[in-house]
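coords-v1.tsv (TSV, C-alpha atoms)
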chain	number	residue	atom	x	y	z
A	1	MET	CA	3.96	80.53	-53.45
A	2	SER	CA	5.39	82.90	-56.06
A	3	ARG	CA	8.84	81.37	-55.67
A	4	ARG	CA	7.38	77.90	-56.18
A	5	LEU	CA	5.58	79.04	-59.34
A	6	ALA	CA	8.79	80.56	-60.69
A	7	GLU	CA	10.89	77.46	-59.98
A	8	VAL	CA	8.39	75.08	-61.56
A	9	ALA	CA	7.93	77.39	-64.55
A	10	ARG	CA	11.69	77.48	-65.17
A	11	LYS	CA	11.94	73.72	-64.80
A	12	VAL	CA	9.20	73.04	-67.36
A	13	GLY	CA	9.84	76.01	-69.63
A	14	VAL	CA	6.36	77.52	-69.35
A	15	SER	CA	4.92	80.68	-67.84
A	16	GLU	CA	4.04	81.08	-64.16
A	17	ALA	CA	0.46	81.65	-65.25
A	18	THR	CA	0.41	78.17	-66.85
A	19	VAL	CA	1.76	76.60	-63.67
A	20	SER	CA	-0.91	78.41	-61.66
A	21	ARG	CA	-3.65	77.10	-63.96
A	22	VAL	CA	-2.42	73.53	-63.46
A	23	LEU	CA	-2.24	73.86	-59.67
A	24	ASN	CA	-5.72	75.32	-59.51
A	25	GLY	CA	-7.23	72.75	-61.88
A	26	LYS	CA	-8.14	75.32	-64.53
A	27	PRO	CA	-8.79	74.35	-68.18
A	28	GLY	CA	-6.75	75.52	-71.14
A	29	VAL	CA	-3.58	73.47	-70.48
A	30	SER	CA	-2.58	70.46	-72.57
A	31	ASP	CA	-2.30	67.08	-70.90
A	32	GLN	CA	1.41	66.96	-71.73
A	33	THR	CA	2.10	70.33	-70.10
A	34	ARG	CA	-0.06	69.48	-67.10
A	35	GLU	CA	1.87	66.23	-66.58
A	36	ALA	CA	5.21	68.04	-66.92
A	37	VAL	CA	4.20	70.61	-64.29
A	38	LEU	CA	3.10	67.92	-61.83
A	39	THR	CA	6.31	65.97	-62.39
A	40	ALA	CA	8.35	69.11	-61.79
A	41	LEU	CA	6.57	69.61	-58.47
A	42	ASP	CA	7.66	66.12	-57.40
A	43	VAL	CA	11.24	66.56	-58.59
A	44	LEU	CA	11.59	69.89	-56.78
A	45	GLY	CA	10.16	68.42	-53.58
A	46	TYR	CA	6.94	70.42	-53.48
A	47	GLU	CA	3.69	68.88	-52.27
A	48	ARG	CA	0.97	68.39	-54.84
A	49	PRO	CA	-2.41	69.94	-54.14
A	50	THR	CA	-4.57	67.30	-52.44
A	51	LYS	CA	-7.24	67.33	-55.12
A	52	LEU	CA	-4.67	66.65	-57.85
A	53	ARG	CA	-2.96	63.92	-55.84
A	54	GLY	CA	-6.25	62.19	-55.18
A	55	GLU	CA	-7.57	62.45	-58.72
A	56	ARG	CA	-4.55	60.97	-60.43
A	57	ALA	CA	-4.57	57.15	-60.65
A	58	ARG	CA	-5.93	56.78	-57.09
A	59	LEU	CA	-2.98	54.63	-56.07
A	60	VAL	CA	-2.12	53.72	-52.46
A	61	GLY	CA	1.20	52.19	-51.47
A	62	LEU	CA	1.29	49.13	-49.20
A	63	VAL	CA	4.80	48.56	-47.84
A	64	LEU	CA	5.55	45.17	-46.23
A	65	PRO	CA	8.83	43.80	-44.83
A	66	GLU	CA	8.39	40.32	-46.32
A	67	LEU	CA	5.90	37.76	-47.60
A	68	GLN	CA	7.37	34.60	-46.03
A	69	ASN	CA	5.59	35.28	-42.75
A	70	PRO	CA	1.94	34.47	-43.57
A	71	ILE	CA	0.69	37.39	-41.48
A	72	PHE	CA	1.83	39.91	-44.09
A	73	PRO	CA	0.05	38.36	-47.09
A	74	ALA	CA	-3.02	38.24	-44.85
A	75	PHE	CA	-2.75	41.97	-44.16
A	76	ALA	CA	-2.17	42.60	-47.88
A	77	GLU	CA	-5.37	40.74	-48.77
A	78	VAL	CA	-7.48	42.67	-46.25
A	79	VAL	CA	-5.96	46.06	-47.07
A	80	GLY	CA	-6.19	45.47	-50.82
A	81	GLY	CA	-9.85	44.49	-50.57
A	82	ALA	CA	-10.69	47.49	-48.38
A	83	LEU	CA	-8.92	49.84	-50.81
A	84	ALA	CA	-10.77	48.39	-53.78
A	85	GLN	CA	-14.09	49.01	-52.03
A	86	GLN	CA	-13.08	52.65	-51.62
A	87	GLY	CA	-12.06	53.00	-55.27
A	88	PHE	CA	-8.27	52.85	-54.78
A	89	THR	CA	-5.66	50.53	-56.24
A	90	PRO	CA	-2.92	49.11	-53.95
A	91	VAL	CA	0.73	49.21	-55.02
A	92	LEU	CA	2.42	46.35	-53.15
A	93	CYS	CA	6.03	46.96	-52.12
A	94	THR	CA	7.88	44.09	-50.43
A	95	GLN	CA	11.41	44.44	-49.12
A	96	THR	CA	13.96	41.76	-49.92
A	97	ALA	CA	17.33	41.01	-48.36
A	98	GLY	CA	19.96	42.92	-50.30
A	99	GLY	CA	17.25	44.28	-52.61
A	100	VAL	CA	15.02	47.33	-52.69
A	101	SER	CA	14.87	49.07	-49.32
A	102	GLU	CA	11.94	50.73	-47.59
A	103	GLU	CA	13.48	54.12	-48.39
A	104	ASP	CA	13.72	53.18	-52.08
A	105	TYR	CA	10.07	52.16	-52.12
A	106	VAL	CA	9.04	55.49	-50.60
A	107	ASP	CA	10.88	57.31	-53.40
A	108	LEU	CA	9.20	55.06	-55.96
A	109	LEU	CA	5.74	55.65	-54.51
A	110	LEU	CA	6.25	59.40	-54.40
A	111	GLY	CA	7.23	59.22	-58.05
A	112	GLN	CA	3.95	57.45	-58.76
A	113	GLN	CA	2.06	60.28	-57.02
A	114	VAL	CA	0.27	57.89	-54.69
A	115	SER	CA	-2.59	59.27	-52.64
A	116	GLY	CA	-1.27	57.68	-49.44
A	117	ILE	CA	0.81	54.85	-47.96
A	118	VAL	CA	0.08	52.06	-45.48
A	119	PHE	CA	3.07	50.51	-43.71
A	120	ALA	CA	2.97	47.16	-41.90
A	121	GLY	CA	5.98	45.86	-39.98
A	122	GLY	CA	8.37	48.53	-41.20
A	123	HIS	CA	11.34	50.49	-39.87
A	124	TYR	CA	8.97	52.69	-37.90
A	125	ALA	CA	8.90	49.97	-35.22
A	126	GLN	CA	12.72	49.85	-34.87
A	127	ARG	CA	14.37	52.52	-32.74
A	128	ASP	CA	17.82	52.10	-34.31
A	129	ALA	CA	16.65	52.18	-37.94
A	130	SER	CA	16.68	55.23	-40.20
A	131	HIS	CA	13.43	57.20	-40.10
A	132	ASP	CA	14.28	60.00	-42.52
A	133	HIS	CA	11.87	58.74	-45.17
A	134	TYR	CA	8.98	58.90	-42.67
A	135	ARG	CA	9.90	62.48	-41.83
A	136	LEU	CA	9.90	63.24	-45.56
A	137	LEU	CA	6.35	61.90	-45.82
A	138	SER	CA	5.31	63.89	-42.77
A	139	GLY	CA	6.80	67.05	-44.25
A	140	ARG	CA	4.87	66.55	-47.46
A	141	LYS	CA	1.71	65.86	-45.46
A	142	LEU	CA	1.08	62.68	-47.43
A	143	PRO	CA	-1.63	60.52	-45.78
A	144	VAL	CA	0.07	57.64	-43.95
A	145	VAL	CA	-1.15	54.92	-41.57
A	146	LEU	CA	1.08	52.53	-39.62
A	147	ILE	CA	-0.05	49.04	-38.66
A	148	ASN	CA	1.24	48.11	-35.20
A	149	ALA	CA	3.42	50.06	-32.79
A	150	SER	CA	5.93	52.71	-33.85
A	151	ILE	CA	8.52	54.85	-32.13
A	152	GLU	CA	6.92	57.81	-30.38
A	153	GLU	CA	8.54	60.47	-32.56
A	154	LEU	CA	6.55	59.52	-35.67
A	155	ALA	CA	3.23	61.37	-35.59
A	156	PHE	CA	1.09	59.15	-37.81
A	157	PRO	CA	-2.22	57.41	-37.09
A	158	ARG	CA	-1.59	53.84	-35.94
A	159	VAL	CA	-3.71	50.70	-35.84
A	160	SER	CA	-2.24	48.20	-33.40
A	161	CYS	CA	-2.90	44.90	-31.72
A	162	ASP	CA	-2.69	45.33	-27.94
A	163	ASP	CA	0.65	43.76	-26.98
A	164	VAL	CA	-0.11	44.01	-23.28
A	165	VAL	CA	-3.31	41.99	-23.58
A	166	ALA	CA	-1.56	39.48	-25.85
A	167	VAL	CA	1.12	38.77	-23.25
A	168	GLU	CA	-1.43	38.60	-20.43
A	169	GLN	CA	-3.37	35.99	-22.39
A	170	ALA	CA	-0.33	33.89	-23.31
A	171	LEU	CA	1.37	33.94	-19.90
A	172	GLY	CA	-1.90	33.54	-18.04
A	173	HIS	CA	-2.71	30.47	-20.10
A	174	LEU	CA	0.61	28.78	-19.34
A	175	VAL	CA	0.43	29.64	-15.63
A	176	SER	CA	-3.10	28.19	-15.48
A	177	LEU	CA	-1.60	24.96	-16.79
A	178	GLY	CA	0.92	24.88	-13.94
A	179	HIS	CA	3.98	26.26	-15.72
A	180	THR	CA	6.34	28.32	-13.56
A	181	ARG	CA	9.50	28.26	-15.70
A	182	ILE	CA	8.43	30.22	-18.79
A	183	GLY	CA	10.71	31.71	-21.44
A	184	LEU	CA	10.09	34.62	-23.83
A	185	LEU	CA	11.22	34.50	-27.45
A	186	LEU	CA	11.02	38.09	-28.74
A	187	GLY	CA	12.13	40.20	-31.67
A	188	PRO	CA	15.22	42.49	-31.73
A	189	ALA	CA	16.00	44.70	-28.73
A	190	ASP	CA	15.08	47.92	-30.60
A	191	HIS	CA	11.74	46.53	-31.77
A	192	VAL	CA	8.89	48.51	-30.15
A	193	PRO	CA	6.26	45.70	-30.06
A	194	SER	CA	8.84	43.41	-28.44
A	195	GLU	CA	9.67	46.14	-25.91
A	196	ARG	CA	6.00	46.36	-25.04
A	197	LYS	CA	5.65	42.60	-24.74
A	198	LEU	CA	8.66	42.36	-22.43
A	199	GLN	CA	7.45	45.15	-20.16
A	200	ALA	CA	4.01	43.59	-19.97
A	201	ALA	CA	5.48	40.14	-19.34
A	202	ARG	CA	7.52	41.36	-16.40
A	203	GLU	CA	4.45	42.98	-14.85
A	204	VAL	CA	2.25	39.92	-15.44
A	205	ALA	CA	4.93	37.53	-14.17
A	206	ALA	CA	5.36	39.54	-10.97
A	207	ARG	CA	1.62	39.58	-10.45
A	208	LEU	CA	1.31	35.84	-11.00
A	209	GLY	CA	4.38	34.96	-8.93
A	210	VAL	CA	6.39	33.66	-11.90
A	211	ASP	CA	10.15	34.20	-12.06
A	212	LEU	CA	11.23	35.87	-15.32
A	213	ASP	CA	14.94	36.54	-15.04
A	214	ASP	CA	17.09	37.80	-17.90
A	215	ARG	CA	18.20	34.31	-18.91
A	216	LEU	CA	14.60	33.48	-19.79
A	217	VAL	CA	14.32	36.32	-22.33
A	218	VAL	CA	16.02	35.82	-25.70
A	219	ARG	CA	16.02	37.98	-28.82
A	220	SER	CA	15.74	36.81	-32.40
A	221	THR	CA	15.09	37.93	-35.93
A	222	TYR	CA	11.67	36.91	-37.20
A	223	SER	CA	12.37	33.60	-38.94
A	224	LEU	CA	11.83	29.94	-38.20
A	225	GLU	CA	15.57	29.22	-38.24
A	226	ALA	CA	16.39	32.07	-35.86
A	227	GLY	CA	13.55	30.98	-33.61
A	228	GLN	CA	14.96	27.47	-33.42
A	229	ALA	CA	18.43	28.69	-32.48
A	230	SER	CA	17.10	31.11	-29.85
A	231	ALA	CA	14.68	28.59	-28.34
A	232	THR	CA	17.57	26.16	-27.88
A	233	ARG	CA	19.11	28.67	-25.47
A	234	LEU	CA	15.89	28.81	-23.47
A	235	LEU	CA	15.70	25.02	-23.25
A	236	ARG	CA	19.15	24.96	-21.63
A	237	HIS	CA	17.65	26.95	-18.76
A	238	GLY	CA	14.94	24.39	-18.11
A	239	VAL	CA	11.84	26.19	-19.38
A	240	THR	CA	8.64	24.18	-19.65
A	241	GLY	CA	6.79	26.87	-21.59
A	242	ILE	CA	7.81	29.35	-24.32
A	243	VAL	CA	5.86	32.45	-25.37
A	244	CYS	CA	6.88	33.63	-28.86
A	245	ALA	CA	6.46	36.99	-30.61
A	246	SER	CA	5.36	35.42	-33.92
A	247	ASP	CA	4.10	32.14	-35.33
A	248	PRO	CA	7.30	31.43	-37.34
A	249	LEU	CA	9.30	31.87	-34.13
A	250	ALA	CA	6.94	29.43	-32.42
A	251	LEU	CA	7.41	26.86	-35.19
A	252	GLY	CA	11.17	27.27	-34.76
A	253	ALA	CA	10.76	26.72	-31.02
A	254	ILE	CA	8.80	23.50	-31.63
A	255	ARG	CA	11.58	22.27	-33.89
A	256	ALA	CA	14.16	23.09	-31.19
A	257	VAL	CA	12.15	21.14	-28.60
A	258	ARG	CA	12.04	18.10	-30.84
A	259	ARG	CA	15.73	18.32	-31.72
A	260	SER	CA	16.50	18.30	-27.99
A	261	GLY	CA	14.67	14.99	-27.59
A	262	ARG	CA	11.65	16.49	-25.90
A	263	ARG	CA	8.01	16.57	-26.92
A	264	VAL	CA	5.44	19.33	-27.44
A	265	PRO	CA	3.36	19.77	-25.32
A	266	ASP	CA	4.27	16.87	-22.98
A	267	ASP	CA	7.61	18.38	-21.95
A	268	VAL	CA	7.47	21.94	-23.30
A	269	SER	CA	4.44	24.05	-24.25
A	270	VAL	CA	4.74	26.68	-27.00
A	271	VAL	CA	2.53	29.72	-27.68
A	272	GLY	CA	2.76	31.74	-30.90
A	273	TYR	CA	1.50	35.15	-31.94
A	274	ASP	CA	-0.58	36.18	-35.00
A	275	ASP	CA	-2.61	33.04	-35.80
A	276	SER	CA	-1.42	33.25	-39.38
A	277	ALA	CA	-2.46	30.83	-42.11
A	278	PHE	CA	-2.25	27.07	-41.51
A	279	MET	CA	-1.31	27.29	-37.81
A	280	ASN	CA	-4.20	24.90	-37.16
A	281	CYS	CA	-2.60	22.43	-39.59
A	282	THR	CA	0.82	22.14	-37.93
A	283	GLU	CA	1.81	19.17	-35.78
A	284	PRO	CA	0.74	19.77	-33.12
A	285	PRO	CA	-1.70	22.56	-34.05
A	286	LEU	CA	-0.29	25.79	-32.65
A	287	THR	CA	-1.74	27.57	-29.65
A	288	THR	CA	-1.38	31.25	-30.53
A	289	VAL	CA	-2.64	34.76	-29.88
A	290	ARG	CA	-4.73	35.88	-32.84
A	291	GLN	CA	-4.41	39.39	-34.22
A	292	PRO	CA	-7.78	40.69	-35.52
A	293	ILE	CA	-6.34	41.22	-38.99
A	294	ASP	CA	-9.59	41.95	-40.78
A	295	ALA	CA	-10.74	44.62	-38.34
A	296	MET	CA	-7.27	46.19	-38.13
A	297	GLY	CA	-6.80	46.32	-41.91
A	298	ARG	CA	-10.18	47.88	-42.53
A	299	ALA	CA	-9.66	50.44	-39.78
A	300	ALA	CA	-6.30	51.39	-41.30
A	301	ILE	CA	-7.92	52.07	-44.68
A	302	ASP	CA	-10.76	54.05	-43.10
A	303	LEU	CA	-8.16	56.29	-41.43
A	304	LEU	CA	-6.16	56.64	-44.64
A	305	VAL	CA	-9.12	57.46	-46.86
A	306	ALA	CA	-10.36	60.01	-44.34
A	307	GLN	CA	-7.01	61.78	-44.62
A	308	ILE	CA	-7.05	61.61	-48.41
A	309	ARG	CA	-10.47	63.26	-48.42
A	310	GLY	CA	-9.19	66.08	-46.26
A	311	ALA	CA	-10.64	65.10	-42.90
A	312	ALA	CA	-8.66	65.76	-39.72
A	313	VAL	CA	-7.42	62.49	-38.23
A	314	ALA	CA	-5.74	62.34	-34.82
A	315	ASN	CA	-2.24	60.86	-34.67
A	316	ASP	CA	-3.33	58.40	-32.01
A	317	GLU	CA	-2.98	54.65	-31.65
A	318	LEU	CA	-6.13	52.62	-32.13
A	319	LEU	CA	-5.74	49.41	-30.10
A	320	PHE	CA	-7.46	46.14	-31.01
A	321	GLU	CA	-7.79	43.29	-28.54
A	322	PRO	CA	-6.30	39.93	-29.57
A	323	GLU	CA	-7.77	36.50	-28.86
A	324	LEU	CA	-6.03	33.47	-27.41
A	325	VAL	CA	-6.65	30.42	-29.61
A	326	VAL	CA	-5.88	27.24	-27.64
A	327	ARG	CA	-4.77	24.24	-29.69
A	328	GLY	CA	-2.44	21.30	-29.23
A	329	SER	CA	0.95	22.92	-28.61
A	330	THR	CA	0.17	23.72	-24.96
A	331	GLY	CA	-0.63	21.38	-22.11
A	332	PRO	CA	-0.14	20.86	-18.36
A	333	ALA	CA	3.34	21.46	-17.01
A	334	PRO	CA	5.33	18.22	-16.71
A	335	THR	CA	5.20	16.84	-13.19
A	336	ALA	CA	8.88	15.91	-13.29
A	337	PRO	CA	10.64	18.36	-15.61
A	338	ALA	CA	13.96	16.76	-14.82
A	339	ALA	CA	12.82	13.65	-16.66
A	340	ALA	CA	12.78	15.51	-19.95
A	341	GLY	CA	16.37	16.57	-19.42
A	342	GLU	CA	17.40	13.03	-18.57
A	343	ARG	CA	15.65	11.74	-21.71
A	344	SER	CA	17.43	14.39	-23.79
A	345	ALA	CA	20.80	13.44	-22.31
A	346	ALA	CA	20.13	9.76	-23.00
A	347	LEU	CA	19.27	10.48	-26.63
A	348	ALA	CA	22.42	12.59	-26.97
A	349	ARG	CA	24.52	9.64	-25.75
Is it possible to give me this structure as structure tokens?
Amino acid sequence: MSRRLAEVARKVGVSEATVSRVLNGKPGVSDQTREAVLTALDVLGYERPTKLRGERARLVGLVLPELQNPIFPAFAEVVGGALAQQGFTPVLCTQTAGGVSEEDYVDLLLGQQVSGIVFAGGHYAQRDASHDHYRLLSGRKLPVVLINASIEELAFPRVSCDDVVAVEQALGHLVSLGHTRIGLLLGPADHVPSERKLQAAREVAARLGVDLDDRLVVRSTYSLEAGQASATRLLRHGVTGIVCASDPLALGAIRAVRRSGRRVPDDVSVVGYDDSAFMNCTEPPLTTVRQPIDAMGRAAIDLLVAQIRGAAVANDELLFEPELVVRGSTGPAPTAPAAAGERSAALAR
């Protein structure tokens, strides 16, 4: 403690007694000096006292990977509303290709002396990504909550949709419709939620007597275009149903089916994941597994605010059950799947 006082005092050019008064919230220090002392703490890498961090600006960072996928604006709306009800202001940070990185945003938020950070869909879910900025936050004991699964080494509270239940619902639905040749369109190989979905899918497929060999599992980045390209590979292996790890991937799969000369759901059924905005307005309306966004977002803020207020919060994962929403993109398995291939070949000629 004495070394910290000395370092900060030297940095600001004031006495150690002045630094002590600032850290303990004592009167008799000008606003300018108080601000300089707090800034010096940040620059030197020392953690601010909780009461000072919480009193200043009451900002909370919300870090998202993108806004093109409608699920992330939906989370931003719920989280922002829940923060406002608790008296906090969200600072929205969205990554862009070739732009500001997640690590850069963490540095920015620390510079703003935020009271805490909520991450949704970040590097914490990728095993091969850098996680140093999360360890920095953990070392500073800054309140953090992660939305959806993370690698095991990161000891933060998590609010997740149950991937196992999601896959059980999606695969079970297609099997009930008579599909036996079902493909999986997942995220990258190091993506924890996709790992969970694949493990669950193999267990469910074995239980239901459905063959799920490696050719029927393809990986993709989370975009419509990537989904289309990856789904094309599945169609070459004769799938009549495709379970996707996101709604944009599912829309890409529907486009791939159409480009191949087939129809959805007559020849190939497609199931998405998220039930993001306007999925009931697509053609056909998308059958998808709905994440309970409202409940998950509010739970994340409850956990964060509890930490900010000094309460002990377990670094556990709070699982929320999804809901299968059946619409027009799924139907009975085709009675003669070969006919779809013949029709595709005819169109190609």
Check: Mind pulling up the distance from atom CA of A:Asp162 to atom CA of A:Phe320?
Finding: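 Result for atom CA of A:Phe320 versus atom CA of A:Asp162: 5.7 Å, one decimal.
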Notebook entry, point to check: So, counting all atoms listed in the file, which residue among A:Ser223, A:Leu185, A:Val114, A:Gln126 is closest to A:Glu66?
Noted result: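 That would be A:Ser223, the residue with the smallest distance to A:Glu66.
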At a cut-off of 10 Å, can you tabulate as JSON lines every residue of stretch 168-251 of chain A near stretch 139-157 of chain A together with its closest atom pair and the distance in Å to one decimal, using only C-alpha atoms and ordering rows by chain then number?
{"residue": "A:Asp190", "atom": "CA", "partner": "A:Ile151", "partner_atom": "CA", "distance": 9.7}
{"residue": "A:His191", "atom": "CA", "partner": "A:Ser150", "partner_atom": "CA", "distance": 8.7}
{"residue": "A:Val192", "atom": "CA", "partner": "A:Ala149", "partner_atom": "CA", "distance": 6.3}
{"residue": "A:Pro193", "atom": "CA", "partner": "A:Ala149", "partner_atom": "CA", "distance": 5.9}
{"residue": "A:Ser194", "atom": "CA", "partner": "A:Ala149", "partner_atom": "CA", "distance": 9.6}
{"residue": "A:Arg196", "atom": "CA", "partner": "A:Ala149", "partner_atom": "CA", "distance": 9.0}
Export, as a CSV table (one decimal), in the frame of the given file, the selected residues with C-alpha atoms.
chain,number,residue,atom,x,y,z
A,190,ASP,CA,15.1,47.9,-30.6
A,191,HIS,CA,11.7,46.5,-31.8
A,192,VAL,CA,8.9,48.5,-30.2
A,193,PRO,CA,6.3,45.7,-30.1
A,194,SER,CA,8.8,43.4,-28.4
A,196,ARG,CA,6.0,46.4,-25.0
Please report as a Markdown table every residue of stretch 24-101 of chain A lying within 7 Å of stretch 115-125 of chain A, along with the nearest atom pair and their distance in Å (one decimal), using all atoms listed in the file.
| residue | atom | partner | partner_atom | distance |
| --- | --- | --- | --- | --- |
| A:Arg53 | CA | A:Ser115 | CA | 5.7 |
| A:Gly54 | CA | A:Ser115 | CA | 5.3 |
| A:Arg58 | CA | A:Ser115 | CA | 6.1 |
| A:Leu59 | CA | A:Ser115 | CA | 5.8 |
| A:Val60 | CA | A:Gly116 | CA | 5.1 |
| A:Gly61 | CA | A:Ile117 | CA | 4.4 |
| A:Leu62 | CA | A:Val118 | CA | 4.9 |
| A:Val63 | CA | A:Phe119 | CA | 4.9 |
| A:Leu64 | CA | A:Ala120 | CA | 5.4 |
| A:Pro65 | CA | A:Gly122 | CA | 6.0 |
Check: For A:Glu168, which residue out of A:Arg135, A:Arg262, A:Arg207, A:Arg181 is the nearest one, using all atoms listed in the file?
Finding: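 Ranked by minimum distance to A:Glu168, first place goes to A:Arg207.
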Checklist line | From A:Ala166, A:Ile71, A:Ile308, A:Ala231, residue lying nearest A:Asp274 [only C-alpha atoms] | finding: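 Comparing A:Ala166, A:Ile71, A:Ile308, A:Ala231 against A:Asp274, the winner is A:Ile71.
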Produce a table with one row for each residue of stretch 175-270 of chain A that has an atom at most 10 Å from any atom of stretch 278-294 of chain A, each row naming the nearest atom pair and its distance in Å at one decimal; use all atoms listed in the file; arrange rows by chain and rising residue number; format as a Markdown table.
| residue | atom | partner | partner_atom | distance |
| --- | --- | --- | --- | --- |
| A:Val243 | CA | A:Thr288 | CA | 9.0 |
| A:Cys244 | CA | A:Thr288 | CA | 8.8 |
| A:Ala245 | CA | A:Val289 | CA | 9.4 |
| A:Ser246 | CA | A:Thr288 | CA | 8.6 |
| A:Asp247 | CA | A:Thr288 | CA | 7.3 |
| A:Pro248 | CA | A:Met279 | CA | 9.6 |
| A:Ala250 | CA | A:Leu286 | CA | 8.1 |
| A:Leu251 | CA | A:Leu286 | CA | 8.2 |
| A:Ile254 | CA | A:Pro284 | CA | 9.0 |
| A:Val264 | CA | A:Pro284 | CA | 7.4 |
| A:Pro265 | CA | A:Pro284 | CA | 8.2 |
| A:Ser269 | CA | A:Thr287 | CA | 8.9 |
| A:Val270 | CA | A:Thr287 | CA | 7.1 |
Next item on the list: Measure the distance from atom CA of A:Ala314 to atom CA of A:His133 in Å and round it to one decimal.
Entry: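 Computing the Euclidean distance for atom CA of A:Ala314 and atom CA of A:His133 yields 20.7 Å.
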Check: Between A:Leu318, A:Ala226, A:Ala36, A:Val164, which is the closest to A:Gly187 once you count only C-alpha atoms?
Finding: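 Selected residue with least distance to A:Gly187: A:Ala226.
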Check: Nearest to A:Leu171: which of A:Pro49, A:Gly227, A:Gly241, A:Gly25 is it, counting all atoms listed in the file?
Finding: A:Gly241
Notebook entry, point to check: If you count all atoms listed in the file, which residues fall within 8 Å of A:Thr180, apart from same-chain ones fewer than 3 positions away, as number ranges by chain?
Noted result: A: 175, 210-211, 240
Item checked: For atom CA of A:Arg10 and atom CA of A:Leu110, the interatomic separation in Å (one decimal) ->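 One can read the atom CA of A:Arg10 to atom CA of A:Leu110 distance as 21.7 Å.
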Check: Using all atoms listed in the file, what residues lie at most 12 Å away from (11.8, 56.3, -52.0) (file coordinates), given as a ChimeraX atom specification?
Finding: /A:42,61,63,93,100-114,117,132-134,136-137
For A:Gly80, find every residue with an atom within 12 Å (counting only C-alpha atoms), except residues of its own chain fewer than 2 positions away, and show them as an mmCIF file with C-alpha atoms, in the coordinates of the input.
data_model
loop_
_atom_site.group_PDB
_atom_site.id
_atom_site.type_symbol
_atom_site.label_atom_id
_atom_site.label_comp_id
_atom_site.auth_asym_id
_atom_site.auth_seq_id
_atom_site.Cartn_x
_atom_site.Cartn_y
_atom_site.Cartn_z
ATOM 1 C CA LEU A 59 -2.980 54.630 -56.070
ATOM 2 C CA VAL A 60 -2.120 53.720 -52.460
ATOM 3 C CA GLY A 61 1.200 52.190 -51.470
ATOM 4 C CA LEU A 62 1.290 49.130 -49.200
ATOM 5 C CA VAL A 63 4.800 48.560 -47.840
ATOM 6 C CA PHE A 72 1.830 39.910 -44.090
ATOM 7 C CA PRO A 73 0.050 38.360 -47.090
ATOM 8 C CA ALA A 74 -3.020 38.240 -44.850
ATOM 9 C CA PHE A 75 -2.750 41.970 -44.160
ATOM 10 C CA ALA A 76 -2.170 42.600 -47.880
ATOM 11 C CA GLU A 77 -5.370 40.740 -48.770
ATOM 12 C CA VAL A 78 -7.480 42.670 -46.250
ATOM 13 C CA ALA A 82 -10.690 47.490 -48.380
ATOM 14 C CA LEU A 83 -8.920 49.840 -50.810
ATOM 15 C CA ALA A 84 -10.770 48.390 -53.780
ATOM 16 C CA GLN A 85 -14.090 49.010 -52.030
ATOM 17 C CA GLN A 86 -13.080 52.650 -51.620
ATOM 18 C CA GLY A 87 -12.060 53.000 -55.270
ATOM 19 C CA PHE A 88 -8.270 52.850 -54.780
ATOM 20 C CA THR A 89 -5.660 50.530 -56.240
ATOM 21 C CA PRO A 90 -2.920 49.110 -53.950
ATOM 22 C CA VAL A 91 0.730 49.210 -55.020
ATOM 23 C CA LEU A 92 2.420 46.350 -53.150
ATOM 24 C CA VAL A 118 0.080 52.060 -45.480
ATOM 25 C CA ASP A 294 -9.590 41.950 -40.780
ATOM 26 C CA GLY A 297 -6.800 46.320 -41.910
ATOM 27 C CA ARG A 298 -10.180 47.880 -42.530
ATOM 28 C CA ALA A 300 -6.300 51.390 -41.300
ATOM 29 C CA ILE A 301 -7.920 52.070 -44.680
#
Notebook entry, point to check: Closest to A:Ala295 among A:Leu249, A:Leu234, A:Leu324, A:Val159, using only C-alpha atoms?
Noted result: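 For A:Ala295, the nearest of the given residues is A:Val159.
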Residues near A:Val268, anyone? I mean within 10 Å using all atoms listed in the file, not counting same-chain ones fewer than 6 positions away, as a PDB file with C-alpha atoms, in the coordinates of the input.
ATOM      1  CA  HIS A 179       3.980  26.260 -15.720  1.00  0.00           C
ATOM      2  CA  ILE A 182       8.430  30.220 -18.790  1.00  0.00           C
ATOM      3  CA  LEU A 235      15.700  25.020 -23.250  1.00  0.00           C
ATOM      4  CA  GLY A 238      14.940  24.390 -18.110  1.00  0.00           C
ATOM      5  CA  VAL A 239      11.840  26.190 -19.380  1.00  0.00           C
ATOM      6  CA  THR A 240       8.640  24.180 -19.650  1.00  0.00           C
ATOM      7  CA  GLY A 241       6.790  26.870 -21.590  1.00  0.00           C
ATOM      8  CA  ILE A 242       7.810  29.350 -24.320  1.00  0.00           C
ATOM      9  CA  ALA A 253      10.760  26.720 -31.020  1.00  0.00           C
ATOM     10  CA  ILE A 254       8.800  23.500 -31.630  1.00  0.00           C
ATOM     11  CA  VAL A 257      12.150  21.140 -28.600  1.00  0.00           C
ATOM     12  CA  ARG A 258      12.040  18.100 -30.840  1.00  0.00           C
ATOM     13  CA  ARG A 262      11.650  16.490 -25.900  1.00  0.00           C
ATOM     14  CA  SER A 329       0.950  22.920 -28.610  1.00  0.00           C
ATOM     15  CA  THR A 330       0.170  23.720 -24.960  1.00  0.00           C
ATOM     16  CA  GLY A 331      -0.630  21.380 -22.110  1.00  0.00           C
ATOM     17  CA  PRO A 332      -0.140  20.860 -18.360  1.00  0.00           C
ATOM     18  CA  ALA A 333       3.340  21.460 -17.010  1.00  0.00           C
ATOM     19  CA  PRO A 334       5.330  18.220 -16.710  1.00  0.00           C
ATOM     20  CA  PRO A 337      10.640  18.360 -15.610  1.00  0.00           C
ATOM     21  CA  ALA A 340      12.780  15.510 -19.950  1.00  0.00           C
TER      22      ALA A 340
END
Notebook entry, point to check: What's the 10 Å shell around A:Arg34, counting all atoms listed in the file, without same-chain residues fewer than 4 positions away, as a ChimeraX atom specification?
Noted result: /A:12,18-19,21-23,25,28-30,38-40
